[in-house]
Amino acid sequence: MKNFWHELAKPIFILAPMEDVTDTVLRRVIARYGKPAVFFTEFTNVEGMFSKGADRVLQRLRYTEEERPLVAQIWGTYPENFFKAAKKLIEMGFDGIDLNMGCPARGPVHRGACSGLINNRPLAKEIIDATKEGAAGIIPVSIKTRLGFRTIDFSWIRFVLEQQPAVLTVHLRTVSEMSKVPAHWDKMRTVVDIRNEMNSPTLVIGNGDIKSLSEARQKIEEAGADGAMVGRGIFDDPYLFAETTTINEKTPEEKMRLLLDHMHLWSETWGTRKHFPTLRKFFKVYANGFPGAQELRMQLMETESPEETEQVVATFLQDLASRGEIQEEGDHSLTLRSAYR
Ligand SMILES: Cc1cc2nc3c(=O)[nH]c(=O)nc-3n(C[C@H](O)[C@H](O)[C@H](O)COP(=O)(O)O)c2cc1C
């Protein structure tokens with residue numbers, strides 16, 4: 001088998017799968033700023049992949065070579081669809097397949113899928129077996145899950161490891177906890193111990209609340225894990241995986257150019273196939289950390305098209321160019337040049 005996971009240097013840093021966030025555009029943007037070792041797609045429904053609306057579902061699986069190694073994350077209810085999906089994902093050229101057994105969203109859980117599988121081990125096993133059969137040893141199958149459903153349950157972790165996935169990523173919360181409590185990084189050591197006791201070759205990755213590579217390194221070391229997966233941290237710093245720079249080092253002008261580049265890539269890729277408002281969540285990443293950013297952000301959040309966004313940015317940049325500085329409201333009069341260059 002071509003198991004790319006075993007070729008990666010440790011610790012392994014991964015960008016977490018995030019619905020409506022980590023599409024091909026965001027993955028390319030992040031790859032250019034500072035590339036994680038592995039990317040995951042947004043979770044993709046295996047029933048949808050073979051339905052009438054498959055074209056729409058398959059949008060989630062668009063990618064470019066820049067995003068490799070890339071793992072397709074799938075979810076669903078029927079093992080036979082996982083089997084078919086695995087075959088199709090091989091054809092499509094993915095480097096690996098990940099099974100979502102952690103999403104707490106009511107819809108999927110109600111159908112017994114995603115984190116619902118924590119309460120249905122026979123079905124979880126059937127799904128893992130069917131996916132592995134479809135993957136036919138050609139690409140590796142991994143699993144992303146949580147510490148338990150209502151309570152922390154290491155018998156679930158042991159059960160998953162018994163299925164011998166290539167990788168087990170644990171979002172260090174229970175399903176009931178959603179994202180409302182701090183991730184239980186203190187439990188990652190036990191996950192590692194169970195894996196070691198079992199003499200299992202599965203790589204174990206911790207996930208939850210990490211905001212920087214240095215924090216990731218520290219947590220990985222404390223737990224003895226093989227790596228960490230980071231999601232929401234990229235909203236504070238899309239350069240999170242870069243070793244040498246952060247978004248805070250960028251000037252307001254640079255941030256605006258990055259915003260426009262990001263938006264242009266989005267427009268070129270999606271055109272009218274995705275709703276423009278799905279892009280707006282990224283504006284706050286760039287319109288941040290300088291005087292006037294809040295007002296600019298509010299204007300950007302009201303834009304309805306790339307053209308309108310460009311206009312708002314152009315006005316802001318012209319303002320900077322003509323005045324060379326802008327004043328922050330209140331007592332602190334900071335100039336952009338003196339404070340942020
Ligand atoms: C907007 C959003 C969408 C998400 N979508 C997925 C998903 O499709 N698949 C998945 O396994 N986890 C998904 N997650 C969970 C993340 O992958 C990750 O486990 C969680 O955010 C905790 O990590 P973090 O604190 O580094 O963000 C999502 C999280 C967010 C915030």
# chains A, B, ... in the order shown; residues from 1 in each chain; ligands from 1
$ residues_around --residues "Glu215 of chain A" --least-positions-apart "5" --cutoff "12 Å" --atoms "only C-alpha atoms" --output "list of chain:residue names"
A:Phe13, A:Trp185, A:Asn207, A:Gly208, A:Asp209, A:Ile210, A:Ile220, A:Glu221, A:Glu222, A:Gly227, A:Ala228, A:Met229, A:Val230, A:Gly233, A:Leu240, A:Phe241
$ write_last_selection --atoms "C-alpha atoms" --output "PDB file, in the first residue's frame"
ATOM      1  CA  PHE A  13       0.700  18.934  11.824  1.00  0.00           C
ATOM      2  CA  TRP A 185      -5.565  17.426  26.375  1.00  0.00           C
ATOM      3  CA  ASN A 207      -7.109  17.823  18.324  1.00  0.00           C
ATOM      4  CA  GLY A 208      -8.743  20.759  20.055  1.00  0.00           C
ATOM      5  CA  ASP A 209      -8.104  24.431  20.873  1.00  0.00           C
ATOM      6  CA  ILE A 210      -4.540  24.688  19.557  1.00  0.00           C
ATOM      7  CA  ILE A 220       2.237  16.536  21.493  1.00  0.00           C
ATOM      8  CA  GLU A 221       5.345  16.083  23.586  1.00  0.00           C
ATOM      9  CA  GLU A 222       3.485  15.994  26.901  1.00  0.00           C
ATOM     10  CA  GLY A 227       0.902  14.898  15.879  1.00  0.00           C
ATOM     11  CA  ALA A 228      -1.800  17.507  16.242  1.00  0.00           C
ATOM     12  CA  MET A 229      -4.675  18.661  14.094  1.00  0.00           C
ATOM     13  CA  VAL A 230      -5.611  22.344  14.123  1.00  0.00           C
ATOM     14  CA  GLY A 233      -6.744  28.523  15.005  1.00  0.00           C
ATOM     15  CA  LEU A 240      -0.303  29.187  11.799  1.00  0.00           C
ATOM     16  CA  PHE A 241       1.583  26.402  10.002  1.00  0.00           C
TER      17      PHE A 241
END
$ residues_near_ligand --ligand "ligand 1" --cutoff "10 Å" --atoms "only C-alpha atoms and all ligand atoms" --output "CSV table (one decimal) with N, CA and C atoms, in the first residue's frame"
chain,number,residue,atom,x,y,z
A,14,ILE,N,-1.6,18.9,11.1
A,14,ILE,CA,-2.7,18.7,10.1
A,14,ILE,C,-3.7,19.8,10.2
A,15,LEU,N,-4.2,20.3,9.0
A,15,LEU,CA,-5.3,21.2,9.0
A,15,LEU,C,-6.6,20.4,9.2
A,16,ALA,N,-7.4,20.7,10.2
A,16,ALA,CA,-8.6,20.0,10.5
A,16,ALA,C,-9.6,20.2,9.3
A,17,PRO,N,-10.4,19.1,9.1
A,17,PRO,CA,-11.5,19.3,8.2
A,17,PRO,C,-12.6,20.3,8.8
A,18,MET,N,-13.0,21.3,8.0
A,18,MET,CA,-14.1,22.2,8.5
A,18,MET,C,-15.1,22.5,7.4
A,19,GLU,N,-16.3,22.0,7.7
A,19,GLU,CA,-17.4,22.2,6.7
A,19,GLU,C,-17.5,23.7,6.3
A,20,ASP,N,-17.6,24.0,5.0
A,20,ASP,CA,-17.8,25.3,4.6
A,20,ASP,C,-16.6,26.2,4.8
A,21,VAL,N,-15.5,25.6,5.2
A,21,VAL,CA,-14.2,26.4,5.4
A,21,VAL,C,-13.1,25.8,4.6
A,22,THR,N,-12.8,24.5,4.8
A,22,THR,CA,-11.6,24.0,4.2
A,22,THR,C,-11.8,23.4,2.9
A,40,PHE,N,-7.2,17.8,4.9
A,40,PHE,CA,-8.5,17.0,4.8
A,40,PHE,C,-9.5,17.8,4.0
A,41,THR,N,-10.4,17.1,3.3
A,41,THR,CA,-11.5,17.8,2.7
A,41,THR,C,-12.6,18.0,3.8
A,42,GLU,N,-13.6,18.8,3.4
A,42,GLU,CA,-14.8,18.9,4.2
A,42,GLU,C,-15.5,17.6,4.2
A,43,PHE,N,-16.3,17.3,5.2
A,43,PHE,CA,-16.9,16.0,5.3
A,43,PHE,C,-17.9,15.8,4.1
A,44,THR,N,-17.9,14.7,3.5
A,44,THR,CA,-18.7,14.4,2.3
A,44,THR,C,-19.5,13.2,2.5
A,73,GLN,N,-12.5,13.2,3.6
A,73,GLN,CA,-13.3,12.7,4.7
A,73,GLN,C,-14.7,12.4,4.3
A,74,ILE,N,-15.2,11.3,4.7
A,74,ILE,CA,-16.5,10.9,4.4
A,74,ILE,C,-17.4,10.5,5.6
A,75,TRP,N,-18.7,10.6,5.4
A,75,TRP,CA,-19.6,10.2,6.4
A,75,TRP,C,-20.8,9.6,5.8
A,98,ASP,N,-10.7,9.4,5.3
A,98,ASP,CA,-10.9,9.5,6.7
A,98,ASP,C,-12.4,9.3,7.0
A,99,LEU,N,-12.7,8.6,8.0
A,99,LEU,CA,-14.1,8.3,8.4
A,99,LEU,C,-14.5,9.3,9.5
A,100,ASN,N,-15.6,10.0,9.3
A,100,ASN,CA,-16.0,11.0,10.3
A,100,ASN,C,-16.9,10.2,11.4
A,101,MET,N,-16.4,10.1,12.6
A,101,MET,CA,-17.1,9.5,13.6
A,101,MET,C,-17.1,10.4,14.8
A,102,GLY,N,-17.2,11.7,14.5
A,102,GLY,CA,-17.1,12.7,15.6
A,102,GLY,C,-18.0,13.9,15.5
A,103,CYS,N,-18.6,14.1,14.3
A,103,CYS,CA,-19.4,15.3,14.1
A,103,CYS,C,-20.7,15.2,15.0
A,104,PRO,N,-21.0,16.2,15.8
A,104,PRO,CA,-22.1,16.1,16.7
A,104,PRO,C,-23.4,16.7,16.2
A,105,ALA,N,-23.4,17.1,14.9
A,105,ALA,CA,-24.6,17.8,14.3
A,105,ALA,C,-25.8,16.9,14.4
A,114,CYS,N,-21.9,9.6,11.8
A,114,CYS,CA,-20.9,10.4,12.4
A,114,CYS,C,-20.7,10.0,13.9
A,115,SER,N,-20.9,11.0,14.8
A,115,SER,CA,-20.6,10.6,16.2
A,115,SER,C,-21.7,9.6,16.7
A,143,ILE,N,-9.5,7.4,10.9
A,143,ILE,CA,-10.7,7.7,11.6
A,143,ILE,C,-10.5,8.9,12.5
A,144,LYS,N,-11.5,9.8,12.5
A,144,LYS,CA,-11.5,11.0,13.4
A,144,LYS,C,-12.8,10.9,14.3
A,145,THR,N,-12.5,10.9,15.6
A,145,THR,CA,-13.7,10.8,16.5
A,145,THR,C,-13.5,11.6,17.7
A,146,ARG,N,-14.3,11.4,18.7
A,146,ARG,CA,-14.2,12.1,20.0
A,146,ARG,C,-14.0,11.2,21.1
A,169,THR,N,-7.5,10.2,14.9
A,169,THR,CA,-7.5,11.6,15.4
A,169,THR,C,-8.5,11.7,16.4
A,170,VAL,N,-8.2,12.2,17.6
A,170,VAL,CA,-9.2,12.3,18.7
A,170,VAL,C,-9.4,13.8,18.9
A,171,HIS,N,-10.6,14.3,18.6
A,171,HIS,CA,-11.0,15.6,19.1
A,171,HIS,C,-11.3,15.4,20.6
A,172,LEU,N,-10.6,16.1,21.4
A,172,LEU,CA,-10.5,15.7,22.8
A,172,LEU,C,-11.7,16.3,23.7
A,173,ARG,N,-12.9,16.0,23.2
A,173,ARG,CA,-14.1,16.3,23.9
A,173,ARG,C,-15.1,15.2,23.7
A,178,MET,N,-20.0,19.2,22.8
A,178,MET,CA,-19.9,20.0,21.6
A,178,MET,C,-18.5,20.6,21.6
A,179,SER,N,-18.5,22.0,21.6
A,179,SER,CA,-17.2,22.7,21.7
A,179,SER,C,-17.2,23.6,22.9
A,182,PRO,N,-13.1,23.4,27.4
A,182,PRO,CA,-11.8,23.3,26.9
A,182,PRO,C,-11.5,21.8,26.5
A,183,ALA,N,-10.8,21.6,25.4
A,183,ALA,CA,-10.4,20.2,25.0
A,183,ALA,C,-9.6,19.6,26.1
A,206,GLY,N,-3.8,14.3,18.3
A,206,GLY,CA,-4.7,15.0,19.2
A,206,GLY,C,-5.3,16.3,18.5
A,207,ASN,N,-6.4,16.7,19.0
A,207,ASN,CA,-7.1,17.8,18.3
A,207,ASN,C,-7.9,18.6,19.3
A,208,GLY,N,-7.9,19.9,19.3
A,208,GLY,CA,-8.7,20.8,20.1
A,208,GLY,C,-8.0,22.0,20.6
A,209,ASP,N,-8.5,23.2,20.2
A,209,ASP,CA,-8.1,24.4,20.9
A,209,ASP,C,-6.7,24.9,20.6
A,210,ILE,N,-5.9,24.3,19.7
A,210,ILE,CA,-4.5,24.7,19.6
A,210,ILE,C,-4.5,26.0,18.7
A,211,LYS,N,-3.6,26.9,19.2
A,211,LYS,CA,-3.5,28.2,18.6
A,211,LYS,C,-2.2,28.5,17.9
A,212,SER,N,-1.2,27.7,18.1
A,212,SER,CA,0.1,27.9,17.5
A,212,SER,C,0.9,26.6,17.4
A,228,ALA,N,-0.6,16.7,15.8
A,228,ALA,CA,-1.8,17.5,16.2
A,228,ALA,C,-2.5,18.0,15.0
A,229,MET,N,-3.8,18.1,15.2
A,229,MET,CA,-4.7,18.7,14.1
A,229,MET,C,-5.2,20.0,14.6
A,230,VAL,N,-5.2,21.0,13.7
A,230,VAL,CA,-5.6,22.3,14.1
A,230,VAL,C,-6.7,22.9,13.2
A,231,GLY,N,-7.8,23.4,13.7
A,231,GLY,CA,-8.9,23.9,12.9
A,231,GLY,C,-9.0,25.4,13.1
A,232,ARG,N,-9.8,25.8,14.1
A,232,ARG,CA,-10.2,27.2,14.2
A,232,ARG,C,-9.1,28.2,14.4
A,233,GLY,N,-7.9,27.7,14.8
A,233,GLY,CA,-6.7,28.5,15.0
A,233,GLY,C,-6.4,29.3,13.8
A,234,ILE,N,-6.7,28.8,12.6
A,234,ILE,CA,-6.3,29.5,11.4
A,234,ILE,C,-7.1,30.8,11.2
A,235,PHE,N,-8.2,30.9,11.9
A,235,PHE,CA,-9.0,32.2,11.8
A,235,PHE,C,-8.2,33.3,12.5
$ closest_residue --among "A:Lys132, A:His275, A:Arg323, A:Arg28" --to "Glu65 of chain A" --atoms "only C-alpha atoms"
A:Arg28
$ select_by_dssp --residues "segment 41-144 of chain A" --states "alpha helix (DSSP H)" --output "MDAnalysis selection string"
chainID A and resid 46:49 54:58 79:91 106:110 121:135
$ closest_residue --among "A:Ile157, A:Ala216, A:Ile128, A:Val175" --to "Val192 of chain A" --atoms "only C-alpha atoms"
A:Ile157
$ residues_around --residues "segment 280-289 of chain A" --least-positions-apart "4" --cutoff "8 Å" --atoms "only C-alpha atoms" --output "mmCIF file with N, CA, C and O atoms, in the first residue's frame"
data_model
loop_
_atom_site.group_PDB
_atom_site.id
_atom_site.type_symbol
_atom_site.label_atom_id
_atom_site.label_comp_id
_atom_site.auth_asym_id
_atom_site.auth_seq_id
_atom_site.Cartn_x
_atom_site.Cartn_y
_atom_site.Cartn_z
ATOM 1 N N PHE A 235 -8.244 30.950 11.893
ATOM 2 C CA PHE A 235 -8.982 32.215 11.789
ATOM 3 C C PHE A 235 -8.229 33.329 12.524
ATOM 4 O O PHE A 235 -8.333 34.490 12.163
ATOM 5 N N ASP A 236 -7.490 32.971 13.563
ATOM 6 C CA ASP A 236 -6.666 33.968 14.252
ATOM 7 C C ASP A 236 -5.367 34.197 13.495
ATOM 8 O O ASP A 236 -4.839 35.287 13.474
ATOM 9 N N ASP A 237 -4.858 33.129 12.913
ATOM 10 C CA ASP A 237 -3.621 33.267 12.149
ATOM 11 C C ASP A 237 -3.556 32.240 11.024
ATOM 12 O O ASP A 237 -3.208 31.085 11.247
ATOM 13 N N PRO A 238 -3.862 32.693 9.801
ATOM 14 C CA PRO A 238 -3.801 31.743 8.681
ATOM 15 C C PRO A 238 -2.363 31.292 8.390
ATOM 16 O O PRO A 238 -2.157 30.347 7.639
ATOM 17 N N ASN A 248 0.315 38.756 12.210
ATOM 18 C CA ASN A 248 0.553 40.016 12.930
ATOM 19 C C ASN A 248 1.715 40.812 12.362
ATOM 20 O O ASN A 248 1.819 42.004 12.590
ATOM 21 N N PRO A 252 -1.212 46.601 7.307
ATOM 22 C CA PRO A 252 -2.603 46.634 6.840
ATOM 23 C C PRO A 252 -2.714 46.516 5.316
ATOM 24 O O PRO A 252 -3.585 45.818 4.808
ATOM 25 N N LYS A 255 -2.216 42.959 4.396
ATOM 26 C CA LYS A 255 -3.406 42.165 4.749
ATOM 27 C C LYS A 255 -4.510 42.348 3.707
ATOM 28 O O LYS A 255 -5.203 41.384 3.347
ATOM 29 N N MET A 256 -4.657 43.571 3.226
ATOM 30 C CA MET A 256 -5.697 43.811 2.214
ATOM 31 C C MET A 256 -5.372 43.119 0.900
ATOM 32 O O MET A 256 -6.253 42.609 0.216
ATOM 33 N N LEU A 258 -3.685 40.385 0.653
ATOM 34 C CA LEU A 258 -3.938 38.953 0.900
ATOM 35 C C LEU A 258 -5.431 38.657 0.798
ATOM 36 O O LEU A 258 -5.846 37.646 0.226
ATOM 37 N N LEU A 259 -6.231 39.563 1.359
ATOM 38 C CA LEU A 259 -7.695 39.380 1.290
ATOM 39 C C LEU A 259 -8.142 39.333 -0.181
ATOM 40 O O LEU A 259 -8.915 38.449 -0.578
ATOM 41 N N PHE A 276 -21.708 33.939 -2.338
ATOM 42 C CA PHE A 276 -20.676 34.867 -1.898
ATOM 43 C C PHE A 276 -20.582 34.983 -0.364
ATOM 44 O O PHE A 276 -19.475 35.045 0.189
ATOM 45 N N ALA A 293 -9.693 48.817 11.756
ATOM 46 C CA ALA A 293 -10.016 47.472 11.243
ATOM 47 C C ALA A 293 -11.479 47.109 11.514
ATOM 48 O O ALA A 293 -12.136 46.490 10.677
ATOM 49 N N GLN A 294 -11.959 47.519 12.664
ATOM 50 C CA GLN A 294 -13.332 47.122 13.024
ATOM 51 C C GLN A 294 -14.350 47.732 12.059
ATOM 52 O O GLN A 294 -15.257 47.045 11.583
ATOM 53 N N LEU A 296 -13.745 48.824 9.040
ATOM 54 C CA LEU A 296 -13.523 48.211 7.730
ATOM 55 C C LEU A 296 -14.217 46.846 7.660
ATOM 56 O O LEU A 296 -14.879 46.511 6.667
ATOM 57 N N ARG A 297 -14.073 46.107 8.742
ATOM 58 C CA ARG A 297 -14.684 44.772 8.800
ATOM 59 C C ARG A 297 -16.197 44.861 8.638
ATOM 60 O O ARG A 297 -16.809 44.095 7.917
ATOM 61 N N LEU A 300 -16.961 45.466 5.089
ATOM 62 C CA LEU A 300 -16.710 44.267 4.278
ATOM 63 C C LEU A 300 -17.812 43.228 4.459
ATOM 64 O O LEU A 300 -18.212 42.550 3.505
ATOM 65 N N MET A 301 -18.312 43.119 5.688
ATOM 66 C CA MET A 301 -19.331 42.108 5.973
ATOM 67 C C MET A 301 -20.654 42.418 5.282
ATOM 68 O O MET A 301 -21.523 41.557 5.177
#
$ residues_around --residues "Gly148 of chain A" --least-positions-apart "5" --cutoff "7 Å" --atoms "only C-alpha atoms" --output "PyMOL selection string"
chain A and resi 118+153+156+174-175
$ select_by_dssp --residues "segment 90-334 of chain A" --states "strand (DSSP E or B)" --output "JSON, numbers by chain"
{"A": [96, 97, 98, 99, 100, 101, 141, 142, 143, 144, 145, 146, 147, 148, 167, 168, 169, 170, 171, 172, 173, 174, 203, 204, 205, 206, 207, 227, 228, 229, 230]}
$ residues_around --residues "segment 194-203 of chain A" --least-positions-apart "5" --cutoff "10 Å" --atoms "only C-alpha atoms" --output "CSV table (one decimal) with C-alpha atoms, in the first residue's frame"
chain,number,residue,atom,x,y,z
A,5,TRP,CA,1.3,8.7,6.6
A,6,HIS,CA,4.4,6.6,7.3
A,12,ILE,CA,2.7,15.7,12.2
A,142,SER,CA,-8.1,6.8,9.0
A,154,PHE,CA,-11.7,4.9,26.6
A,155,SER,CA,-13.3,1.6,25.6
A,157,ILE,CA,-10.9,4.5,21.8
A,158,ARG,CA,-9.7,0.9,22.3
A,161,LEU,CA,-7.8,1.1,17.6
A,162,GLU,CA,-8.8,-2.6,17.3
A,163,GLN,CA,-10.0,-1.9,13.8
A,164,GLN,CA,-6.5,-0.9,12.9
A,165,PRO,CA,-7.0,2.4,11.1
A,166,ALA,CA,-3.8,4.0,9.7
A,167,VAL,CA,-4.5,7.0,11.9
A,168,LEU,CA,-6.8,7.9,14.8
A,169,THR,CA,-7.5,11.6,15.4
A,188,MET,CA,-4.3,12.4,25.2
A,189,ARG,CA,-1.6,10.5,27.2
A,225,ALA,CA,1.3,11.7,20.5
A,226,ASP,CA,2.4,11.6,16.8
A,227,GLY,CA,0.9,14.9,15.9
$ closest_residue --among "A:Glu7, A:Glu268, A:Asp23, A:Asp129" --to "Ala86 of chain A" --atoms "only C-alpha atoms"
A:Asp129
$ residues_around --residues "Thr315 of chain A" --least-positions-apart "5" --cutoff "12 Å" --atoms "only C-alpha atoms" --output "PDB file with all heavy atoms, in the first residue's frame"
ATOM      1  N   GLU A 253      -1.782  47.160   4.612  1.00  0.00           N
ATOM      2  CA  GLU A 253      -1.808  47.064   3.143  1.00  0.00           C
ATOM      3  C   GLU A 253      -1.613  45.614   2.714  1.00  0.00           C
ATOM      4  O   GLU A 253      -2.312  45.102   1.836  1.00  0.00           O
ATOM      5  CB  GLU A 253      -0.698  47.917   2.498  1.00  0.00           C
ATOM      6  CG  GLU A 253      -0.846  49.400   2.702  1.00  0.00           C
ATOM      7  CD  GLU A 253      -0.075  49.880   3.932  1.00  0.00           C
ATOM      8  OE1 GLU A 253      -0.081  49.162   4.959  1.00  0.00           O
ATOM      9  OE2 GLU A 253       0.522  50.953   3.873  1.00  0.00           O
ATOM     10  N   MET A 256      -4.657  43.571   3.226  1.00  0.00           N
ATOM     11  CA  MET A 256      -5.697  43.811   2.214  1.00  0.00           C
ATOM     12  C   MET A 256      -5.372  43.119   0.900  1.00  0.00           C
ATOM     13  O   MET A 256      -6.253  42.609   0.216  1.00  0.00           O
ATOM     14  CB  MET A 256      -5.883  45.323   2.001  1.00  0.00           C
ATOM     15  CG  MET A 256      -6.548  46.028   3.169  1.00  0.00           C
ATOM     16  SD  MET A 256      -8.158  45.283   3.601  1.00  0.00           S
ATOM     17  CE  MET A 256      -7.727  44.306   5.011  1.00  0.00           C
ATOM     18  N   LEU A 296     -13.745  48.824   9.040  1.00  0.00           N
ATOM     19  CA  LEU A 296     -13.523  48.211   7.730  1.00  0.00           C
ATOM     20  C   LEU A 296     -14.217  46.846   7.660  1.00  0.00           C
ATOM     21  O   LEU A 296     -14.879  46.511   6.667  1.00  0.00           O
ATOM     22  CB  LEU A 296     -12.010  48.041   7.507  1.00  0.00           C
ATOM     23  CG  LEU A 296     -11.576  47.286   6.259  1.00  0.00           C
ATOM     24  CD1 LEU A 296     -12.004  48.035   4.994  1.00  0.00           C
ATOM     25  CD2 LEU A 296     -10.051  47.088   6.255  1.00  0.00           C
ATOM     26  N   GLN A 299     -17.863  47.129   7.117  1.00  0.00           N
ATOM     27  CA  GLN A 299     -18.184  47.449   5.713  1.00  0.00           C
ATOM     28  C   GLN A 299     -18.029  46.203   4.841  1.00  0.00           C
ATOM     29  O   GLN A 299     -18.861  45.925   3.978  1.00  0.00           O
ATOM     30  CB  GLN A 299     -17.257  48.542   5.194  1.00  0.00           C
ATOM     31  CG  GLN A 299     -17.525  49.903   5.812  1.00  0.00           C
ATOM     32  CD  GLN A 299     -16.431  50.910   5.425  1.00  0.00           C
ATOM     33  OE1 GLN A 299     -15.621  50.651   4.534  1.00  0.00           O
ATOM     34  NE2 GLN A 299     -16.409  52.036   6.105  1.00  0.00           N
ATOM     35  N   LEU A 300     -16.961  45.466   5.089  1.00  0.00           N
ATOM     36  CA  LEU A 300     -16.710  44.267   4.278  1.00  0.00           C
ATOM     37  C   LEU A 300     -17.812  43.228   4.459  1.00  0.00           C
ATOM     38  O   LEU A 300     -18.212  42.550   3.505  1.00  0.00           O
ATOM     39  CB  LEU A 300     -15.353  43.652   4.643  1.00  0.00           C
ATOM     40  CG  LEU A 300     -14.115  44.423   4.188  1.00  0.00           C
ATOM     41  CD1 LEU A 300     -12.853  43.874   4.856  1.00  0.00           C
ATOM     42  CD2 LEU A 300     -13.963  44.354   2.672  1.00  0.00           C
ATOM     43  N   GLU A 308     -17.975  44.585  -5.029  1.00  0.00           N
ATOM     44  CA  GLU A 308     -18.231  45.478  -3.888  1.00  0.00           C
ATOM     45  C   GLU A 308     -17.100  45.393  -2.875  1.00  0.00           C
ATOM     46  O   GLU A 308     -16.683  46.394  -2.298  1.00  0.00           O
ATOM     47  CB  GLU A 308     -19.546  45.098  -3.186  1.00  0.00           C
ATOM     48  CG  GLU A 308     -20.777  45.616  -3.877  1.00  0.00           C
ATOM     49  CD  GLU A 308     -22.042  45.259  -3.095  1.00  0.00           C
ATOM     50  OE1 GLU A 308     -22.021  45.267  -1.848  1.00  0.00           O
ATOM     51  OE2 GLU A 308     -23.058  44.977  -3.750  1.00  0.00           O
ATOM     52  N   THR A 309     -16.609  44.189  -2.659  1.00  0.00           N
ATOM     53  CA  THR A 309     -15.505  44.016  -1.702  1.00  0.00           C
ATOM     54  C   THR A 309     -14.271  44.759  -2.200  1.00  0.00           C
ATOM     55  O   THR A 309     -13.601  45.473  -1.442  1.00  0.00           O
ATOM     56  CB  THR A 309     -15.174  42.517  -1.530  1.00  0.00           C
ATOM     57  OG1 THR A 309     -16.359  41.839  -1.164  1.00  0.00           O
ATOM     58  CG2 THR A 309     -14.113  42.300  -0.466  1.00  0.00           C
ATOM     59  N   GLU A 310     -13.990  44.612  -3.493  1.00  0.00           N
ATOM     60  CA  GLU A 310     -12.837  45.308  -4.069  1.00  0.00           C
ATOM     61  C   GLU A 310     -12.957  46.806  -3.876  1.00  0.00           C
ATOM     62  O   GLU A 310     -11.981  47.480  -3.582  1.00  0.00           O
ATOM     63  CB  GLU A 310     -12.747  45.012  -5.568  1.00  0.00           C
ATOM     64  CG  GLU A 310     -11.832  43.866  -5.836  1.00  0.00           C
ATOM     65  CD  GLU A 310     -11.827  43.444  -7.285  1.00  0.00           C
ATOM     66  OE1 GLU A 310     -12.417  44.146  -8.137  1.00  0.00           O
ATOM     67  OE2 GLU A 310     -11.239  42.397  -7.556  1.00  0.00           O
ATOM     68  N   LEU A 320      -5.331  55.163   2.916  1.00  0.00           N
ATOM     69  CA  LEU A 320      -4.002  54.960   3.512  1.00  0.00           C
ATOM     70  C   LEU A 320      -2.942  55.687   2.696  1.00  0.00           C
ATOM     71  O   LEU A 320      -2.086  56.369   3.247  1.00  0.00           O
ATOM     72  CB  LEU A 320      -3.635  53.466   3.504  1.00  0.00           C
ATOM     73  CG  LEU A 320      -4.115  52.576   4.620  1.00  0.00           C
ATOM     74  CD1 LEU A 320      -3.450  51.212   4.466  1.00  0.00           C
ATOM     75  CD2 LEU A 320      -3.767  53.147   5.975  1.00  0.00           C
ATOM     76  N   ALA A 321      -3.037  55.523   1.387  1.00  0.00           N
ATOM     77  CA  ALA A 321      -2.025  56.113   0.511  1.00  0.00           C
ATOM     78  C   ALA A 321      -2.054  57.639   0.581  1.00  0.00           C
ATOM     79  O   ALA A 321      -1.013  58.281   0.636  1.00  0.00           O
ATOM     80  CB  ALA A 321      -2.236  55.631  -0.911  1.00  0.00           C
ATOM     81  N   SER A 322      -3.245  58.197   0.581  1.00  0.00           N
ATOM     82  CA  SER A 322      -3.329  59.655   0.522  1.00  0.00           C
ATOM     83  C   SER A 322      -2.939  60.295   1.853  1.00  0.00           C
ATOM     84  O   SER A 322      -2.327  61.338   1.873  1.00  0.00           O
ATOM     85  CB  SER A 322      -4.728  60.096   0.100  1.00  0.00           C
ATOM     86  OG  SER A 322      -5.641  59.688   1.094  1.00  0.00           O
TER      87      SER A 322
END
$ atom_distance --atom1 "atom CA of Met92 of chain A" --atom2 "atom CA of Leu61 of chain A"
8.7 Å
